[in-house]
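A.B. asks: Supplied structure: coords04.txt, compact mmCIF, C-alpha atoms.
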```
# COMPACT_ATOMS: atom_id res chain seq x y z
CA GLY A 1 -86.55 -2.77 -99.41
CA ASP A 2 -87.97 -6.03 -100.75
CA PHE A 3 -88.86 -4.42 -104.08
CA GLY A 4 -85.28 -3.22 -104.55
CA ARG A 5 -83.91 -6.69 -103.85
CA VAL A 6 -86.32 -8.20 -106.38
CA ILE A 7 -85.24 -5.70 -109.05
CA GLY A 8 -81.60 -6.42 -108.26
CA ALA A 9 -82.15 -10.15 -108.55
CA VAL A 10 -83.92 -9.76 -111.91
CA ALA A 11 -81.11 -7.53 -113.19
CA ALA A 12 -78.46 -10.00 -112.05
CA ALA A 13 -80.27 -12.90 -113.72
CA SER A 14 -80.63 -10.89 -116.94
CA ILE A 15 -76.93 -9.96 -116.97
CA PHE A 16 -75.94 -13.58 -116.35
CA GLY A 17 -78.21 -14.68 -119.20
CA VAL A 18 -76.57 -12.21 -121.59
CA VAL A 19 -73.05 -13.21 -120.49
CA SER A 20 -73.88 -16.92 -120.78
CA ASP A 21 -75.77 -16.80 -124.08
CA VAL A 22 -73.89 -14.10 -125.95
CA ILE A 23 -70.33 -14.00 -124.62
CA ILE A 24 -69.66 -17.53 -123.36
CA SER A 25 -71.65 -19.44 -126.00
CA GLN A 26 -70.71 -16.94 -128.75
CA ASN A 27 -74.34 -16.77 -129.87
CA LYS A 28 -74.90 -13.42 -131.52
CA ARG A 29 -78.63 -13.68 -132.07
CA GLN A 30 -81.14 -14.71 -129.42
CA PHE A 31 -84.90 -14.98 -129.81
CA ILE A 32 -86.91 -13.41 -127.00
CA MET A 33 -90.26 -11.67 -126.52
CA PRO A 34 -89.38 -7.96 -126.20
CA VAL A 35 -91.44 -5.67 -124.01
CA PHE A 36 -94.59 -4.44 -125.79
CA ALA A 37 -94.00 -6.72 -128.81
CA ASP A 38 -96.43 -9.24 -127.32
CA MET A 39 -99.16 -6.61 -127.78
CA ALA A 40 -98.88 -6.84 -131.58
CA ASN A 41 -101.84 -8.45 -133.31
CA HIS A 42 -101.56 -11.57 -135.45
CA ARG A 43 -101.90 -11.90 -139.19
CA SER A 44 -100.74 -15.01 -141.04
CA GLN A 45 -99.38 -13.03 -143.99
CA ALA A 46 -97.07 -11.03 -141.67
CA LYS A 47 -94.58 -13.89 -141.36
CA ASP A 48 -91.68 -11.63 -142.45
CA THR A 49 -92.22 -9.13 -139.61
CA GLN A 50 -89.47 -9.36 -137.00
CA ALA A 51 -88.44 -7.50 -133.87
CA ASP A 52 -84.74 -7.09 -133.13
CA VAL A 53 -83.53 -6.20 -129.62
CA ASN A 54 -80.18 -4.64 -128.78
CA PHE A 55 -79.17 -6.12 -125.44
CA TRP A 56 -76.83 -3.25 -124.60
CA SER A 57 -78.96 -0.22 -125.51
CA GLY A 58 -82.39 -1.79 -124.94
CA ASP A 59 -83.57 -0.51 -128.32
CA VAL A 60 -86.26 -2.51 -130.11
CA THR A 61 -86.35 -2.32 -133.91
CA VAL A 62 -89.32 -3.72 -135.83
CA PHE A 63 -88.84 -4.83 -139.43
CA ALA A 64 -92.24 -4.98 -141.11
CA GLY A 65 -91.10 -7.06 -144.09
CA SER A 66 -93.10 -4.86 -146.47
CA ASP A 67 -93.98 -1.20 -146.96
CA VAL A 68 -96.24 0.24 -144.25
CA LYS A 69 -98.03 3.57 -144.54
CA LYS A 70 -97.90 6.01 -141.68
CA GLY A 71 -100.67 5.23 -139.21
CA ASP A 72 -101.16 1.64 -140.43
CA GLU A 73 -100.97 -1.21 -137.95
CA VAL A 74 -97.93 -3.48 -138.03
CA PHE A 75 -98.83 -7.13 -137.51
CA PHE A 76 -96.78 -10.11 -136.36
CA SER A 77 -97.38 -13.72 -137.31
CA TYR A 78 -97.76 -16.07 -134.36
CA GLY A 79 -96.99 -18.92 -136.76
CA PRO A 80 -99.05 -21.06 -139.17
CA LYS A 81 -101.91 -21.69 -136.76
CA SER A 82 -105.46 -22.86 -137.45
CA ASN A 83 -108.39 -20.97 -136.01
CA ASP A 84 -108.78 -23.82 -133.52
CA ALA A 85 -105.32 -23.07 -132.12
CA LEU A 86 -105.78 -19.30 -132.24
CA LEU A 87 -109.09 -19.51 -130.40
CA GLN A 88 -107.81 -21.97 -127.80
CA TYR A 89 -104.54 -20.23 -126.97
CA TYR A 90 -105.13 -16.57 -127.88
CA GLY A 91 -108.89 -16.08 -127.68
CA PHE A 92 -109.55 -14.91 -131.24
CA VAL A 93 -109.85 -16.27 -134.79
CA GLU A 94 -108.48 -14.93 -138.05
CA GLU A 95 -110.83 -14.11 -140.91
CA ASP A 96 -109.90 -15.94 -144.14
CA ASN A 97 -107.16 -17.80 -142.27
CA PRO A 98 -104.98 -19.56 -144.88
CA ASN A 99 -103.81 -22.04 -142.21
CA ASP A 100 -107.24 -23.10 -141.01
CA VAL A 101 -108.24 -26.78 -141.16
CA TYR A 102 -111.42 -28.80 -140.85
CA VAL A 103 -111.04 -32.15 -139.07
CA PHE A 104 -113.68 -34.86 -139.52
CA GLU A 105 -114.60 -36.34 -136.15
CA GLY A 106 -115.72 -39.95 -136.21
CA PHE A 107 -114.41 -40.27 -139.76
CA GLU A 108 -114.66 -44.05 -140.06
CA GLN A 109 -118.36 -44.04 -139.19
CA LYS A 110 -118.97 -41.25 -141.70
CA VAL A 111 -117.08 -43.17 -144.38
CA ALA A 112 -119.36 -46.16 -143.89
CA GLU A 113 -122.43 -43.91 -144.05
CA THR A 114 -121.56 -42.57 -147.52
CA ARG A 115 -122.32 -45.96 -149.12
CA VAL A 116 -120.40 -45.07 -152.28
CA ILE A 117 -119.17 -48.65 -152.29
CA PRO A 118 -120.48 -51.57 -150.20
CA SER A 119 -119.94 -50.83 -146.52
CA ASP A 120 -118.45 -54.27 -145.84
CA SER A 121 -115.72 -53.53 -148.39
CA VAL A 122 -115.06 -50.16 -146.74
CA SER A 123 -114.87 -51.81 -143.33
CA ARG A 124 -112.33 -54.36 -144.54
CA ARG A 125 -110.11 -51.71 -146.05
CA LEU A 126 -110.35 -49.49 -142.97
CA LYS A 127 -109.32 -52.44 -140.80
CA GLU A 128 -106.35 -53.12 -143.07
CA LEU A 129 -105.39 -49.45 -142.96
CA ARG A 130 -105.33 -49.56 -139.16
CA ASN A 131 -103.31 -52.78 -139.17
CA LYS A 132 -100.69 -51.08 -141.35
CA GLY A 133 -100.26 -48.05 -139.12
CA TRP A 134 -102.74 -45.59 -140.61
CA GLY A 135 -104.81 -45.27 -137.41
CA PRO A 136 -103.68 -41.74 -136.39
CA THR A 137 -104.30 -40.45 -139.92
CA LEU A 138 -107.78 -42.00 -139.97
CA GLU A 139 -108.55 -40.10 -136.77
CA SER A 140 -107.44 -36.76 -138.23
CA ILE A 141 -108.76 -36.69 -141.80
CA SER A 142 -108.81 -33.00 -142.59
CA LEU A 143 -109.36 -30.30 -145.20
CA ASN A 144 -107.08 -27.32 -145.71
CA ALA A 145 -108.31 -23.75 -146.14
CA LYS A 146 -108.86 -24.38 -149.86
CA GLY A 147 -111.35 -27.13 -149.09
CA SER A 148 -108.98 -29.85 -150.30
CA PRO A 149 -107.88 -32.85 -148.24
CA THR A 150 -104.36 -32.57 -146.88
CA LEU A 151 -101.75 -34.83 -148.45
CA LEU A 152 -101.98 -37.89 -146.21
CA SER A 153 -105.75 -37.44 -145.83
CA ALA A 154 -106.11 -37.66 -149.62
CA LYS A 155 -104.00 -40.80 -149.70
CA VAL A 156 -106.19 -42.42 -147.04
CA LEU A 157 -109.37 -41.47 -148.90
CA ASN A 158 -108.05 -43.02 -152.11
CA LEU A 159 -107.07 -46.18 -150.26
CA ALA A 160 -110.33 -46.45 -148.32
CA PHE A 161 -112.49 -46.09 -151.43
CA GLY A 162 -110.24 -47.80 -153.94
CA ASN A 163 -108.76 -51.21 -154.58
CA ALA A 164 -105.05 -50.39 -154.66
CA ASP A 165 -102.69 -52.33 -152.41
CA ILE A 166 -102.39 -50.73 -148.96
CA GLU A 167 -98.76 -50.05 -148.07
CA PRO A 168 -97.55 -49.45 -144.49
CA TYR A 169 -97.95 -45.88 -143.26
CA GLU A 170 -94.21 -45.35 -142.68
CA THR A 171 -93.42 -46.39 -146.25
CA VAL A 172 -95.91 -43.97 -147.75
CA LEU A 173 -94.80 -41.20 -145.38
CA GLU A 174 -91.18 -41.53 -146.53
CA GLN A 175 -92.31 -41.49 -150.17
CA THR A 176 -94.36 -38.36 -149.48
CA LYS A 177 -91.42 -36.60 -147.80
CA ARG A 178 -89.15 -37.36 -150.76
CA SER A 179 -91.72 -35.89 -153.15
CA LEU A 180 -91.95 -32.59 -151.24
CA PRO A 181 -89.60 -29.59 -151.56
CA ALA A 182 -86.67 -29.67 -149.16
CA SER A 183 -88.17 -26.82 -147.11
CA SER A 184 -91.23 -28.89 -146.19
CA ALA A 185 -89.80 -32.41 -146.19
CA GLY A 186 -89.83 -32.51 -142.41
CA ASP A 187 -93.59 -32.14 -142.16
CA ASP A 188 -95.82 -35.19 -141.88
CA ASP A 189 -98.57 -33.37 -143.75
CA ASP A 190 -97.99 -30.05 -145.49
CA ASP A 191 -101.35 -28.32 -145.65
CA ASN A 192 -100.10 -25.72 -148.12
CA ASN A 193 -99.29 -28.24 -150.84
CA ASP A 194 -101.88 -29.22 -153.38
CA SER A 195 -103.42 -32.59 -152.60
CA PRO A 196 -102.92 -35.49 -155.00
CA MET A 197 -105.83 -36.16 -157.33
CA LEU A 198 -108.67 -38.06 -155.68
CA THR A 199 -110.25 -41.05 -157.33
CA LYS A 200 -113.87 -40.68 -158.43
CA ASN A 201 -115.15 -42.72 -155.48
CA ALA A 202 -113.01 -40.82 -152.97
CA ARG A 203 -114.01 -37.43 -154.38
CA THR A 204 -117.70 -38.35 -154.33
CA ALA A 205 -117.49 -39.76 -150.79
CA LEU A 206 -115.70 -36.68 -149.50
CA GLY A 207 -118.29 -34.40 -151.07
CA LEU A 208 -121.10 -36.40 -149.45
CA MET A 209 -119.41 -36.24 -146.07
CA CYS A 210 -118.97 -32.47 -146.37
CA ARG A 211 -122.64 -32.10 -147.28
CA ALA A 212 -123.62 -34.23 -144.29
CA GLU A 213 -121.46 -32.06 -142.01
CA LEU A 214 -123.20 -28.89 -143.21
CA ASP A 215 -126.63 -30.47 -142.84
CA ARG A 216 -125.90 -31.17 -139.16
CA THR A 217 -125.38 -27.50 -138.33
CA PRO A 218 -128.39 -25.48 -137.09
CA THR A 219 -127.45 -22.43 -139.19
CA THR A 220 -126.37 -21.97 -142.79
CA LEU A 221 -123.25 -20.18 -144.02
CA GLU A 222 -125.49 -17.32 -145.21
CA ASP A 223 -127.15 -17.13 -141.78
CA ASP A 224 -123.77 -16.86 -140.08
CA ALA A 225 -122.48 -14.28 -142.57
CA ASN A 226 -125.51 -12.06 -141.93
CA LEU A 227 -125.21 -12.50 -138.17
CA TYR A 228 -121.53 -11.57 -138.30
CA LYS A 229 -122.35 -8.34 -140.13
CA GLU A 230 -124.85 -7.46 -137.43
CA LEU A 231 -122.41 -8.28 -134.63
CA LYS A 232 -119.63 -6.18 -136.16
CA ALA A 233 -121.79 -3.13 -135.53
CA ASP A 234 -122.21 -3.94 -131.83
CA ASP A 235 -120.40 -2.17 -129.02
CA GLU A 236 -116.84 -3.30 -128.33
CA ASP A 237 -117.69 -5.16 -125.14
CA SER A 238 -116.23 -8.55 -124.28
CA GLU A 239 -119.47 -10.46 -124.80
CA ALA A 240 -119.97 -9.00 -128.29
CA PHE A 241 -116.36 -9.85 -129.14
CA ARG A 242 -116.79 -13.46 -128.03
CA ARG A 243 -119.95 -13.82 -130.09
CA ARG A 244 -118.22 -12.41 -133.16
CA MET A 245 -115.31 -14.83 -132.75
CA ALA A 246 -117.68 -17.79 -132.36
CA VAL A 247 -119.60 -16.85 -135.51
CA LEU A 248 -116.40 -16.15 -137.46
CA PHE A 249 -115.07 -19.56 -136.39
CA ARG A 250 -118.21 -21.24 -137.78
CA ILE A 251 -117.99 -19.26 -141.01
CA GLY A 252 -114.43 -20.43 -141.62
CA LYS A 253 -115.32 -24.09 -141.14
CA LYS A 254 -118.42 -23.89 -143.32
CA ARG A 255 -116.51 -22.17 -146.10
CA MET A 256 -114.04 -25.06 -146.20
CA LEU A 257 -116.86 -27.58 -146.40
CA THR A 258 -118.57 -25.55 -149.13
CA LYS A 259 -115.36 -25.36 -151.16
CA CYS A 260 -114.92 -29.11 -150.74
CA ILE A 261 -118.40 -29.75 -152.12
CA SER A 262 -117.63 -27.50 -155.10
CA ASN A 263 -114.38 -29.42 -155.71
CA SER A 264 -116.21 -32.74 -155.71
```
Give the structure from the file, written as structure tokens.

C.D. replies:
Amino acid sequence: GDFGRVIGAVAAASIFGVVSDVIISQNKRQFIMPVFADMANHRSQAKDTQADVNFWSGDVTVFAGSDVKKGDEVFFSYGPKSNDALLQYYGFVEEDNPNDVYVFEGFEQKVAETRVIPSDSVSRRLKELRNKGWGPTLESISLNAKGSPTLLSAKVLNLAFGNADIEPYETVLEQTKRSLPASSAGDDDDDNNDSPMLTKNARTALGLMCRAELDRTPTTLEDDANLYKELKADDEDSEAFRRRMAVLFRIGKKRMLTKCISNS
């Protein structure tokens, strides 16, 4: 019947894919999503976990990357994703996510509001930064999970609140890439690297901006932490799960801002 023809077509397509990818192209290793592997939960630290599929036998072998006790859950890493990405594309957030980021929206206005140095001076330097190609970085000033500005964000902060000559973005980007290890030289902004030291003005301004961000929220970090504890005890229904994820998302962002204030 129709179902049989569909199964036959799928089988034929699969066989052709194997012949094309493995035999004709001589590729011995192909990356696919094996059946049931997409049910594995995410954990950032599980980046060494891999699933290997034998095309001919259909066997799936999972390599955990570390010792796992009987009965323990084996996690996969979906990649170095922030909680924003995890929530948007997978519907959950990761507690203590080492890849989380905090992005300052409307950064240029917030810079002017800090008044660490005369606002007209800040405005001039921000304009020069945009003229030299720093516009996209100005629109994505961010903190990493440690509460420190990412590499290019720190450079922009030092330039915005300092008096050093402003070099073109592409020049600084190439210098930054050369200073990074070879494994991360292809990244525009490696969140896992320690940020360069901030100047006094930049550090103070960033701390003030983080404080202002926290003051805008209707709940405190302590309020959210207590609410999360209460929600964890709720029934496992979808509404309770969504509320827990929303609160956990807020907790992660507020922790980054709090760490930033401590660093300043």

A.B. asks: Extract, using only C-alpha atoms, all DNA, RNA and protein residues at most 7 Å from A:Gly252, discarding same-chain residues fewer than 4 positions from it, and format them as a short mmCIF file (atom, residue, chain, number, x, y, z; two decimals) with C-alpha atoms, in the coordinates of the input.

C.D. replies:
```cif
data_model
loop_
_atom_site.label_atom_id
_atom_site.label_comp_id
_atom_site.auth_asym_id
_atom_site.auth_seq_id
_atom_site.Cartn_x
_atom_site.Cartn_y
_atom_site.Cartn_z
CA ASP A 96 -109.90 -15.94 -144.14
CA LEU A 248 -116.40 -16.15 -137.46
CA MET A 256 -114.04 -25.06 -146.20
#
```

A.B. asks: Give me the stretch 23-111 of chain A side of the contact with stretch 146-166 of chain A, cut-off 9 Å, one line per residue showing its nearest atom pair and distance in Å at one decimal, counting only C-alpha atoms, sorted by chain and residue number, as CSV.

C.D. replies:
```
residue,atom,partner,partner_atom,distance
A:Pro98,CA,A:Lys146,CA,7.9
A:Val101,CA,A:Gly147,CA,8.5
A:Tyr102,CA,A:Gly147,CA,8.4
A:Val111,CA,A:Ala160,CA,8.5
```

A.B. asks: Quick check, in Å to one decimal: how far apart do atom CA of A:Gln109 and atom CA of A:Phe249 lie?

C.D. replies: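 Between atom CA of A:Gln109 and atom CA of A:Phe249 the gap is 24.9 Å.
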
A.B. asks: Go through A:Phe92, A:Tyr169, A:Phe76, A:Trp56 one by one, measure the shortest atom-to-atom distance of each to A:Arg243 using all atoms listed in the file, and give the residue with the smallest value.

C.D. replies: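 When distances to A:Arg243 are compared using all atoms listed in the file, the smallest one comes from A:Phe92.
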
A.B. asks: One decimal, in Å: what's the spacing between atom CA of A:Ile251 and atom CA of A:Arg43?

C.D. replies: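 Separation between atom CA of A:Ile251 and atom CA of A:Arg43: 17.8 Å.
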
A.B. asks: Would you list the contacts of A:Arg130 as a PyMOL selection string, taking every protein, DNA or RNA residue within 10 Å and counting all atoms listed in the file, but skipping same-chain residues closer than 6 positions in sequence?

C.D. replies: chain A and resi 136-138+168-169

A.B. asks: Quick one: everything within 10 Å of A:Leu231, counting all atoms listed in the file, minus sequence neighbours fewer than 6 positions away in the same chain. Send it as a ChimeraX atom specification.

C.D. replies: /A:225,240-241,243-245,247
